[in-house]
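Printed here is input_30.csv (CSV, C-alpha atoms and all ligand atoms):
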```csv
chain,number,residue,atom,x,y,z
A,161,MET,CA,89.2,156.9,-52.9
A,162,VAL,CA,89.0,154.0,-55.4
A,163,VAL,CA,86.5,151.2,-55.5
A,164,LEU,CA,88.2,147.9,-56.1
A,165,PRO,CA,86.5,146.1,-59.0
A,166,ILE,CA,86.6,142.5,-57.7
A,167,SER,CA,85.8,142.9,-54.0
A,168,GLY,CA,83.8,146.1,-54.4
A,169,LEU,CA,85.8,147.4,-51.3
A,170,GLN,CA,86.9,151.0,-51.1
A,171,ALA,CA,90.6,151.9,-50.7
A,172,ARG,CA,92.7,155.0,-50.6
A,173,TRP,CA,96.3,156.0,-50.7
A,174,ARG,CA,97.4,157.8,-47.6
A,175,PRO,CA,99.2,161.2,-48.2
A,176,SER,CA,102.8,160.0,-48.5
A,177,THR,CA,105.9,161.2,-46.7
A,178,GLY,CA,109.6,160.7,-47.5
A,179,ARG,CA,109.5,157.5,-45.6
A,180,ASP,CA,107.0,156.0,-48.0
A,181,ASP,CA,109.0,157.2,-50.9
A,182,ILE,CA,112.2,155.6,-49.5
A,183,ALA,CA,110.2,152.3,-49.0
A,184,LEU,CA,109.0,152.5,-52.6
A,185,ALA,CA,112.4,153.5,-54.1
A,186,ASP,CA,114.0,150.5,-52.3
A,187,SER,CA,111.2,148.0,-52.9
A,188,VAL,CA,112.0,144.9,-55.0
A,189,PRO,CA,110.1,144.1,-58.2
A,190,GLY,CA,107.3,141.5,-58.0
A,191,LEU,CA,104.3,140.8,-56.0
A,192,GLN,CA,106.0,140.6,-52.6
A,193,GLY,CA,107.6,144.0,-53.0
A,194,CYS,CA,104.4,145.5,-54.2
A,195,LEU,CA,102.5,144.0,-51.2
A,196,GLU,CA,104.9,145.5,-48.7
A,197,TYR,CA,104.7,149.0,-50.3
A,198,VAL,CA,100.9,148.9,-50.6
A,199,GLY,CA,100.6,147.6,-47.1
A,200,ARG,CA,102.3,150.7,-45.7
A,201,ALA,CA,101.0,153.3,-48.1
A,202,ALA,CA,97.4,152.4,-48.7
A,203,GLU,CA,94.3,152.0,-46.5
A,204,LEU,CA,91.6,149.5,-47.1
A,205,GLU,CA,88.0,149.5,-45.9
A,206,GLN,CA,87.2,147.3,-42.9
A,207,GLY,CA,90.8,147.2,-41.8
A,208,LEU,CA,91.6,144.5,-44.4
A,209,GLU,CA,95.2,143.7,-45.3
A,210,ALA,CA,96.5,144.1,-48.8
A,211,ALA,CA,97.4,140.4,-48.7
A,212,ASP,CA,93.7,139.5,-48.4
A,213,LEU,CA,92.9,141.2,-51.8
A,214,ALA,CA,92.4,139.4,-55.1
A,215,VAL,CA,95.5,140.0,-57.2
A,216,GLY,CA,93.4,142.0,-59.7
A,217,ASP,CA,92.3,144.4,-56.9
A,218,LEU,CA,95.9,145.0,-55.9
A,219,ASP,CA,96.8,145.6,-59.6
A,220,LEU,CA,94.0,148.1,-59.9
A,221,LEU,CA,95.1,149.9,-56.7
A,222,VAL,CA,98.6,150.4,-58.1
A,223,VAL,CA,97.4,151.4,-61.5
A,224,TRP,CA,95.2,154.1,-59.9
A,225,ARG,CA,98.1,155.4,-57.9
A,226,ARG,CA,100.1,155.8,-61.1
A,227,ARG,CA,97.2,157.6,-62.8
A,228,GLU,CA,96.9,160.0,-59.8
A,229,GLN,CA,100.5,160.9,-59.9
A,230,ARG,CA,101.6,160.7,-63.5
A,231,GLY,CA,98.4,160.6,-65.6
A,232,ASP,CA,96.5,157.9,-67.6
A,233,THR,CA,98.7,157.2,-70.6
A,234,VAL,CA,101.5,154.6,-70.4
A,235,VAL,CA,103.8,153.0,-72.9
A,236,ALA,CA,104.6,149.3,-73.1
A,237,GLU,CA,107.9,148.5,-74.8
A,238,GLY,CA,108.7,145.3,-76.8
A,239,ARG,CA,109.9,144.0,-80.1
A,240,CYS,CA,108.3,143.1,-83.4
A,241,GLY,CA,108.0,139.3,-83.7
A,242,ARG,CA,108.7,139.5,-87.5
A,243,CYS,CA,111.5,142.0,-87.9
A,244,LEU,CA,112.6,142.5,-84.2
A,245,ALA,CA,112.4,146.3,-84.4
A,246,PRO,CA,111.6,148.0,-81.1
A,247,VAL,CA,107.9,148.7,-80.7
A,248,ASP,CA,106.2,151.0,-78.3
A,249,VAL,CA,102.5,150.6,-77.6
A,250,ARG,CA,100.8,153.6,-75.9
A,251,PHE,CA,97.6,153.0,-74.1
A,252,SER,CA,95.1,154.4,-71.5
A,253,LEU,CA,95.3,152.7,-68.1
A,254,ALA,CA,91.6,153.5,-67.5
A,255,ALA,CA,90.6,151.9,-70.8
A,256,TYR,CA,92.8,148.9,-70.1
A,257,ALA,CA,91.4,148.4,-66.6
A,258,ALA,CA,87.9,148.7,-67.9
A,259,HIS,CA,88.6,146.2,-70.6
A,260,HIS,CA,89.9,143.7,-68.0
A,261,ARG,CA,87.2,144.3,-65.5
A,262,PRO,CA,85.5,141.3,-63.7
A,263,ARG,CA,82.5,139.9,-65.4
A,264,PRO,CA,79.8,137.5,-64.1
A,265,THR,CA,80.0,134.1,-65.8
A,266,ARG,CA,77.4,131.5,-66.5
A,267,ARG,CA,79.8,128.9,-65.4
A,268,ALA,CA,79.5,129.8,-61.7
A,269,GLU,CA,77.2,131.4,-59.1
A,270,PRO,CA,78.0,133.1,-55.9
A,271,VAL,CA,77.1,131.1,-52.8
A,272,GLY,CA,78.1,133.7,-50.1
A,273,ARG,CA,81.1,134.8,-48.1
A,274,GLY,CA,83.2,135.1,-51.2
A,275,TRP,CA,82.6,131.5,-52.4
A,276,TYR,CA,81.2,130.3,-55.7
A,277,ALA,CA,79.8,127.1,-57.0
A,278,LEU,CA,80.6,125.8,-60.5
A,279,ARG,CA,77.2,125.1,-62.2
A,280,SER,CA,78.4,122.0,-64.0
A,281,THR,CA,79.9,120.0,-61.1
A,282,GLY,CA,78.9,122.0,-58.0
A,283,ALA,CA,82.6,122.4,-57.1
A,284,ARG,CA,83.0,125.3,-54.6
A,285,PHE,CA,85.9,127.7,-55.0
A,286,ARG,CA,87.0,131.2,-53.9
A,287,LEU,CA,89.2,133.6,-55.8
A,288,PRO,CA,92.9,133.5,-55.2
A,289,ARG,CA,94.2,136.2,-52.9
A,290,VAL,CA,97.6,137.9,-53.0
A,291,ALA,CA,98.6,135.8,-49.9
A,292,ASP,CA,97.7,132.6,-51.8
A,293,VAL,CA,99.8,133.5,-54.9
A,294,ILE,CA,102.8,134.4,-52.7
A,295,ALA,CA,102.4,131.2,-50.7
A,296,VAL,CA,102.5,128.9,-53.7
A,297,SER,CA,105.3,130.8,-55.5
A,298,GLY,CA,107.9,128.2,-54.4
A,299,ALA,CA,105.7,125.1,-55.0
A,300,ALA,CA,106.6,122.4,-57.5
A,301,ASP,CA,103.3,123.0,-59.3
A,302,PRO,CA,102.1,126.5,-58.2
A,303,ARG,CA,99.0,126.4,-60.4
A,304,ARG,CA,97.7,123.2,-58.9
A,305,GLU,CA,98.7,124.3,-55.4
A,306,LEU,CA,96.8,127.6,-55.9
A,307,LEU,CA,93.7,125.6,-56.9
A,308,ARG,CA,94.1,123.4,-53.8
A,309,ARG,CA,94.1,126.4,-51.6
A,310,CYS,CA,91.0,127.9,-53.3
A,311,LEU,CA,88.8,124.8,-53.6
A,312,SER,CA,86.7,123.4,-50.8
A,313,GLU,CA,87.4,119.8,-52.0
A,314,PRO,CA,90.2,117.9,-53.7
A,315,VAL,CA,91.3,119.4,-57.0
A,316,PRO,CA,89.7,117.5,-59.9
A,317,ALA,CA,91.9,116.1,-62.8
A,318,SER,CA,90.7,118.9,-65.1
A,319,ALA,CA,90.1,122.2,-63.4
A,320,ARG,CA,89.7,124.2,-66.7
A,321,GLY,CA,86.1,125.2,-65.9
A,322,ILE,CA,87.1,126.5,-62.4
A,323,GLU,CA,90.1,128.4,-63.8
A,324,ALA,CA,88.0,130.0,-66.6
A,325,ALA,CA,85.4,131.1,-64.0
A,326,MET,CA,88.1,132.5,-61.8
A,327,ALA,CA,89.5,134.4,-64.7
A,328,SER,CA,86.1,136.0,-65.5
A,329,LEU,CA,85.2,136.8,-61.9
A,330,GLY,CA,88.7,137.9,-60.7
A,331,PRO,CA,90.9,138.9,-63.7
A,332,THR,CA,94.4,140.3,-63.1
A,333,LEU,CA,95.8,143.2,-65.0
A,334,SER,CA,98.4,141.0,-66.7
A,335,ALA,CA,97.3,140.8,-70.3
A,336,THR,CA,98.4,142.0,-73.7
A,337,VAL,CA,98.1,145.2,-75.7
A,338,ALA,CA,98.0,145.4,-79.4
A,339,GLY,CA,99.9,147.8,-81.7
A,340,ASP,CA,101.7,147.9,-85.1
A,341,CYS,CA,105.4,147.7,-85.9
A,342,PRO,CA,106.7,151.1,-87.1
A,343,GLU,CA,109.2,149.3,-89.4
A,344,CYS,CA,107.3,146.5,-91.1
A,345,ALA,CA,103.7,147.4,-90.1
A,346,ALA,CA,103.1,143.9,-88.7
A,347,GLY,CA,100.5,143.6,-85.9
A,348,VAL,CA,102.3,143.2,-82.6
A,349,GLU,CA,100.9,142.0,-79.2
A,350,LEU,CA,102.9,142.9,-76.2
A,351,ALA,CA,102.5,141.1,-72.8
A,352,VAL,CA,101.8,143.7,-70.1
A,353,ASN,CA,101.8,143.4,-66.4
A,354,ALA,CA,100.1,146.7,-65.7
A,355,ARG,CA,100.9,146.6,-62.0
A,356,GLU,CA,104.6,146.1,-62.5
A,357,LEU,CA,104.8,148.5,-65.4
A,358,CYS,CA,103.2,151.2,-63.1
A,359,LEU,CA,105.4,150.3,-60.2
A,360,VAL,CA,108.6,150.7,-62.2
A,361,GLU,CA,107.6,154.3,-62.9
A,362,LEU,CA,106.4,155.0,-59.4
A,363,ARG,CA,109.7,153.6,-58.0
A,364,GLN,CA,111.7,155.7,-60.5
A,365,ALA,CA,109.8,158.9,-59.4
A,366,ALA,CA,110.3,158.0,-55.7
A,367,ILE,CA,114.1,157.7,-56.1
A,368,GLY,CA,114.0,161.6,-56.3
A,369,VAL,CA,113.6,161.6,-52.5
A,370,TYR,CA,117.4,161.0,-52.1
A,371,ASP,CA,118.2,164.1,-54.2
A,372,ASP,CA,115.6,166.1,-52.3
A,373,VAL,CA,117.0,165.2,-48.9
A,374,ASN,CA,120.5,166.1,-50.1
A,375,LEU,CA,119.4,169.4,-51.5
A,376,ILE,CA,117.3,170.5,-48.5
A,377,ALA,CA,119.8,169.3,-45.9
A,378,SER,CA,122.6,171.2,-47.7
A,379,ALA,CA,120.5,174.4,-48.0
A,380,TYR,CA,118.7,174.5,-44.6
A,381,GLY,CA,120.8,172.2,-42.4
A,382,TRP,CA,117.7,170.2,-41.4
A,383,SER,CA,118.1,166.6,-40.3
A,384,GLN,CA,117.4,163.6,-42.5
A,385,ASP,CA,114.6,162.5,-40.1
A,386,ASP,CA,112.9,165.9,-40.2
A,387,ILE,CA,113.0,166.0,-44.0
A,388,LEU,CA,111.7,162.4,-44.4
A,389,ASP,CA,108.8,163.2,-42.1
A,390,LEU,CA,107.6,166.0,-44.5
A,391,PRO,CA,104.6,165.2,-46.7
A,392,SER,CA,106.1,164.3,-50.1
A,393,ALA,CA,104.5,167.1,-51.9
A,394,ARG,CA,105.8,169.7,-49.5
A,395,ARG,CA,109.3,168.2,-49.6
A,396,ALA,CA,109.2,168.4,-53.4
A,397,ARG,CA,108.2,172.1,-53.3
A,398,TYR,CA,111.1,173.0,-51.0
A,399,ALA,CA,113.5,171.1,-53.2
A,400,HIS,CA,112.1,172.8,-56.3
A,401,THR,CA,112.5,176.2,-54.7
A,402,ILE,CA,116.1,175.5,-53.7
A,403,ALA,CA,117.0,174.0,-57.1
A,404,GLY,CA,115.5,177.2,-58.7
A,405,ARG,CA,117.7,179.4,-56.5
A,406,VAL,CA,120.8,177.4,-57.3
A,407,ALA,CA,120.0,177.7,-61.0
A,408,ASP,CA,119.5,181.5,-60.6
A,409,ARG,CA,122.8,181.9,-58.8
A,410,LEU,CA,124.7,179.8,-61.4
A,411,GLY,CA,123.0,181.9,-64.1
A,412,ARG,CA,124.2,185.2,-62.5
A,413,GLU,CA,127.7,183.8,-62.0
A,414,LEU,CA,127.9,182.8,-65.6
A,415,ALA,CA,126.6,186.2,-66.7
A,416,HIS,CA,129.4,187.9,-64.7
A,417,ALA,CA,132.1,185.5,-65.8
B,501,ZN,ZN,108.4,144.7,-87.7
```
Show the structure stored in the file as structure tokens.
Ligand SMILES: [Zn+2]
Amino acid sequence: MVVLPISGLQARWRPSTGRDDIALADSVPGLQGCLEYVGRAAELEQGLEAADLAVGDLDLLVVWRRREQRGDTVVAEGRCGRCLAPVDVRFSLAAYAAHHRPRPTRRAEPVGRGWYALRSTGARFRLPRVADVIAVSGAADPRRELLRRCLSEPVPASARGIEAAMASLGPTLSATVAGDCPECAAGVELAVNARELCLVELRQAAIGVYDDVNLIASAYGWSQDDILDLPSARRARYAHTIAGRVADRLGRELAHA
């Protein structure tokens, strides 16, 4: 169970089966692919849909899944801006998420039901949801279109105050991490979309489902459907056992060769 930082709602990942792993392995990068995966694999309080979440809450949910499955430390890869050498920056997902947590702002106050009022002008706004961001992705001016959806009145000429308040109250986990170049020691800042970084790794791990199905079907003759219905952890144990036996047999054959 994880408490989402922006909405305060609770969410959990359902125990996964091979079908979830296939869906993840075949999912496309980006917000839409993430939404489809989270929609089938996670459960939100009050029957809410993942599309209703603020983007930062969806980000955190994915980051927590990666922590559960593969630990807290990740590596962002990039290049030094001065000498172009490859640079790895290792960081803690928990510390990163804590650093980019939502913060109250003096610019705006809550007025109920998820709406806020900007203190300077009284303009009322809500935080962008995943569904909003996907809906505006093809718009000529997505930033302005997003504001139009999230304001209760026409978008003012300058919306900087509203955007700054939104960034404090509902930050995403797309930010930067700082490190040093191993070649020239220059300070390096790498842009990180923590959600997509974690999804790449989760997707990579999920691809193992294809090998598992092949191994188990070959060894036991079970159908693909039966294997995919197994909880992921149990399927992985069967595959591990079979792979160990195959390795033992090969070892014995080599010893006798
Ligand atoms: Zn360098």
(message) Let me make sure I understand: among A:Ala346, A:Leu213, A:Val163, A:Ala236, which one has the smallest atom-to-atom distance to ligand ZN 501 (chain B) if we use only C-alpha atoms and all ligand atoms?
(response)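 That would be A:Ala346, the residue with the smallest distance to ligand ZN 501 (chain B).
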(request) Measuring atom to atom with all atoms listed in the file, identify which of A:Val235, A:Ala366, A:Ala338, A:Cys344 is nearest to A:Ala393. (result) A:Ala366
Output as a Markdown table one row per residue of chain A within 10 Å of ligand ZN 501 (chain B): the closest atom pair and its distance in Å to one decimal place, counting only C-alpha atoms and all ligand atoms, sorted by chain and residue number ascending.
```
| residue | atom | partner | partner_atom | distance |
| --- | --- | --- | --- | --- |
| A:Arg239 | CA | B:ZN501 | ZN | 7.8 |
| A:Cys240 | CA | B:ZN501 | ZN | 4.6 |
| A:Gly241 | CA | B:ZN501 | ZN | 6.7 |
| A:Arg242 | CA | B:ZN501 | ZN | 5.2 |
| A:Cys243 | CA | B:ZN501 | ZN | 4.1 |
| A:Leu244 | CA | B:ZN501 | ZN | 5.9 |
| A:Ala245 | CA | B:ZN501 | ZN | 5.4 |
| A:Pro246 | CA | B:ZN501 | ZN | 8.0 |
| A:Val247 | CA | B:ZN501 | ZN | 8.1 |
| A:Asp340 | CA | B:ZN501 | ZN | 7.9 |
| A:Cys341 | CA | B:ZN501 | ZN | 4.6 |
| A:Pro342 | CA | B:ZN501 | ZN | 6.6 |
| A:Glu343 | CA | B:ZN501 | ZN | 5.0 |
| A:Cys344 | CA | B:ZN501 | ZN | 4.0 |
| A:Ala345 | CA | B:ZN501 | ZN | 5.9 |
| A:Ala346 | CA | B:ZN501 | ZN | 5.5 |
| A:Gly347 | CA | B:ZN501 | ZN | 8.2 |
| A:Val348 | CA | B:ZN501 | ZN | 8.1 |
```
(request) Have a look at atom CA of A:Tyr380 and atom CA of A:Thr401 and let me know their distance in Å, one decimal. (result)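 Computed distance, atom CA of A:Tyr380 to atom CA of A:Thr401, equals 12.0 Å.
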(message) What's the separation between atom CA of A:Val290 and atom CA of A:Leu357, in Å to one decimal place?
(response) 17.8 Å
(message) Given all atoms listed in the file as the basis, pick out the residue of A:Ile376, A:Leu329, A:Leu362, A:Leu388 nearest to A:Ser187.
(response)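 So, comparing all the options, the nearest one is A:Leu362.
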(message) Between A:Val406, A:Ala202, A:Leu220, A:Ile322, which residue has the minimum interatomic distance to A:Ala258, considering all atoms listed in the file?
(response) A:Leu220
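With atom CA of A:Glu269 on one side and atom CA of A:Ala324 on the other, the separation reads 13.2 Å.
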(request) Check the smallest atom-to-atom distance from each of A:Glu313, A:Glu323, A:Glu196, A:Asp292 to A:Asp180 using all atoms listed in the file, then report the winner. (result)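 The shortest atom-to-atom distance to A:Asp180 comes from A:Glu196.
When only C-alpha atoms are used to compute distances to A:Asp212, the closest of the residues A:His400, A:Arg250, A:Arg289, A:Arg405 turns out to be A:Arg289.
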(message) Give me, as a PyMOL selection string, all polymer residues having an atom no more than 12 Å from A:Ala399, counting only C-alpha atoms and skipping those fewer than 2 positions away in the same chain.
(response) chain A and resi 368-380+387+390+392-397+401-406
Quick one: write out the picked residues with C-alpha atoms as a compact mmCIF listing (two decimals), in the coordinates of the input?
```
# COMPACT_ATOMS: atom_id res chain seq x y z
CA GLY A 368 114.00 161.60 -56.30
CA VAL A 369 113.60 161.60 -52.50
CA TYR A 370 117.40 161.00 -52.10
CA ASP A 371 118.20 164.10 -54.20
CA ASP A 372 115.60 166.10 -52.30
CA VAL A 373 117.00 165.20 -48.90
CA ASN A 374 120.50 166.10 -50.10
CA LEU A 375 119.40 169.40 -51.50
CA ILE A 376 117.30 170.50 -48.50
CA ALA A 377 119.80 169.30 -45.90
CA SER A 378 122.60 171.20 -47.70
CA ALA A 379 120.50 174.40 -48.00
CA TYR A 380 118.70 174.50 -44.60
CA ILE A 387 113.00 166.00 -44.00
CA LEU A 390 107.60 166.00 -44.50
CA SER A 392 106.10 164.30 -50.10
CA ALA A 393 104.50 167.10 -51.90
CA ARG A 394 105.80 169.70 -49.50
CA ARG A 395 109.30 168.20 -49.60
CA ALA A 396 109.20 168.40 -53.40
CA ARG A 397 108.20 172.10 -53.30
CA THR A 401 112.50 176.20 -54.70
CA ILE A 402 116.10 175.50 -53.70
CA ALA A 403 117.00 174.00 -57.10
CA GLY A 404 115.50 177.20 -58.70
CA ARG A 405 117.70 179.40 -56.50
CA VAL A 406 120.80 177.40 -57.30
```
Quick one: residues within 12 Å of A:Gln206, only C-alpha atoms, excluding same-chain residues fewer than 3 positions away - as an mmCIF file with C-alpha atoms, in the coordinates of the input?
```
data_model
loop_
_atom_site.group_PDB
_atom_site.id
_atom_site.type_symbol
_atom_site.label_atom_id
_atom_site.label_comp_id
_atom_site.auth_asym_id
_atom_site.auth_seq_id
_atom_site.Cartn_x
_atom_site.Cartn_y
_atom_site.Cartn_z
ATOM 1 C CA LEU A 169 85.800 147.400 -51.300
ATOM 2 C CA GLN A 170 86.900 151.000 -51.100
ATOM 3 C CA ALA A 171 90.600 151.900 -50.700
ATOM 4 C CA GLU A 203 94.300 152.000 -46.500
ATOM 5 C CA GLU A 209 95.200 143.700 -45.300
ATOM 6 C CA ALA A 210 96.500 144.100 -48.800
ATOM 7 C CA ASP A 212 93.700 139.500 -48.400
#
```
(message) I'd like the neighbourhood of A:Gly168 as number ranges by chain, where a residue qualifies if any of its atoms comes within 12 Å (using all atoms listed in the file), though same-chain residues fewer than 6 positions away should be ignored.
(response) A: 162, 204-205, 213-214, 216-217, 220, 261-262, 274, 330
Distance query 12 Å from (103.3, 152.7, -61.1) using all atoms listed in the file, result as an mmCIF file with C-alpha atoms, in the coordinates of the input:
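Saved as point.cif:
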```
data_model
loop_
_atom_site.group_PDB
_atom_site.id
_atom_site.type_symbol
_atom_site.label_atom_id
_atom_site.label_comp_id
_atom_site.auth_asym_id
_atom_site.auth_seq_id
_atom_site.Cartn_x
_atom_site.Cartn_y
_atom_site.Cartn_z
ATOM 1 C CA LEU A 184 109.000 152.500 -52.600
ATOM 2 C CA ALA A 185 112.400 153.500 -54.100
ATOM 3 C CA PRO A 189 110.100 144.100 -58.200
ATOM 4 C CA CYS A 194 104.400 145.500 -54.200
ATOM 5 C CA TYR A 197 104.700 149.000 -50.300
ATOM 6 C CA VAL A 198 100.900 148.900 -50.600
ATOM 7 C CA LEU A 218 95.900 145.000 -55.900
ATOM 8 C CA ASP A 219 96.800 145.600 -59.600
ATOM 9 C CA LEU A 220 94.000 148.100 -59.900
ATOM 10 C CA LEU A 221 95.100 149.900 -56.700
ATOM 11 C CA VAL A 222 98.600 150.400 -58.100
ATOM 12 C CA VAL A 223 97.400 151.400 -61.500
ATOM 13 C CA TRP A 224 95.200 154.100 -59.900
ATOM 14 C CA ARG A 225 98.100 155.400 -57.900
ATOM 15 C CA ARG A 226 100.100 155.800 -61.100
ATOM 16 C CA ARG A 227 97.200 157.600 -62.800
ATOM 17 C CA GLU A 228 96.900 160.000 -59.800
ATOM 18 C CA GLN A 229 100.500 160.900 -59.900
ATOM 19 C CA ARG A 230 101.600 160.700 -63.500
ATOM 20 C CA GLY A 231 98.400 160.600 -65.600
ATOM 21 C CA ASP A 232 96.500 157.900 -67.600
ATOM 22 C CA THR A 233 98.700 157.200 -70.600
ATOM 23 C CA VAL A 234 101.500 154.600 -70.400
ATOM 24 C CA VAL A 235 103.800 153.000 -72.900
ATOM 25 C CA LEU A 253 95.300 152.700 -68.100
ATOM 26 C CA ASN A 353 101.800 143.400 -66.400
ATOM 27 C CA ALA A 354 100.100 146.700 -65.700
ATOM 28 C CA ARG A 355 100.900 146.600 -62.000
ATOM 29 C CA GLU A 356 104.600 146.100 -62.500
ATOM 30 C CA LEU A 357 104.800 148.500 -65.400
ATOM 31 C CA CYS A 358 103.200 151.200 -63.100
ATOM 32 C CA LEU A 359 105.400 150.300 -60.200
ATOM 33 C CA VAL A 360 108.600 150.700 -62.200
ATOM 34 C CA GLU A 361 107.600 154.300 -62.900
ATOM 35 C CA LEU A 362 106.400 155.000 -59.400
ATOM 36 C CA ARG A 363 109.700 153.600 -58.000
ATOM 37 C CA GLN A 364 111.700 155.700 -60.500
ATOM 38 C CA ALA A 365 109.800 158.900 -59.400
ATOM 39 C CA ALA A 366 110.300 158.000 -55.700
#
```
Mind rebuilding stretch 188-200 of chain A with N, CA and C atoms and writing that out as a short mmCIF file (atom, residue, chain, number, x, y, z; two decimals), in the coordinates of the input?
```
data_model
loop_
_atom_site.label_atom_id
_atom_site.label_comp_id
_atom_site.auth_asym_id
_atom_site.auth_seq_id
_atom_site.Cartn_x
_atom_site.Cartn_y
_atom_site.Cartn_z
N VAL A 188 111.55 145.81 -53.94
CA VAL A 188 112.00 144.90 -55.00
C VAL A 188 110.83 144.67 -55.97
N PRO A 189 111.13 144.44 -57.26
CA PRO A 189 110.10 144.10 -58.20
C PRO A 189 109.35 142.86 -57.83
N GLY A 190 108.09 142.74 -58.25
CA GLY A 190 107.30 141.50 -58.00
C GLY A 190 106.25 141.72 -56.96
N LEU A 191 105.45 140.68 -56.81
CA LEU A 191 104.30 140.80 -56.00
C LEU A 191 104.58 141.05 -54.51
N GLN A 192 105.62 140.40 -53.99
CA GLN A 192 106.00 140.60 -52.60
C GLN A 192 106.36 142.03 -52.28
N GLY A 193 107.20 142.60 -53.14
CA GLY A 193 107.60 144.00 -53.00
C GLY A 193 106.46 144.94 -53.06
N CYS A 194 105.56 144.65 -53.99
CA CYS A 194 104.40 145.50 -54.20
C CYS A 194 103.50 145.42 -52.93
N LEU A 195 103.34 144.22 -52.40
CA LEU A 195 102.50 144.00 -51.20
C LEU A 195 103.04 144.84 -50.03
N GLU A 196 104.36 144.82 -49.85
CA GLU A 196 104.90 145.50 -48.70
C GLU A 196 104.73 147.05 -48.88
N TYR A 197 104.87 147.54 -50.10
CA TYR A 197 104.70 149.00 -50.30
C TYR A 197 103.20 149.36 -50.12
N VAL A 198 102.29 148.60 -50.74
CA VAL A 198 100.90 148.90 -50.60
C VAL A 198 100.42 148.80 -49.16
N GLY A 199 100.97 147.80 -48.46
CA GLY A 199 100.60 147.60 -47.10
C GLY A 199 100.89 148.82 -46.21
N ARG A 200 101.96 149.55 -46.49
CA ARG A 200 102.30 150.70 -45.70
C ARG A 200 101.67 152.00 -46.21
#
```
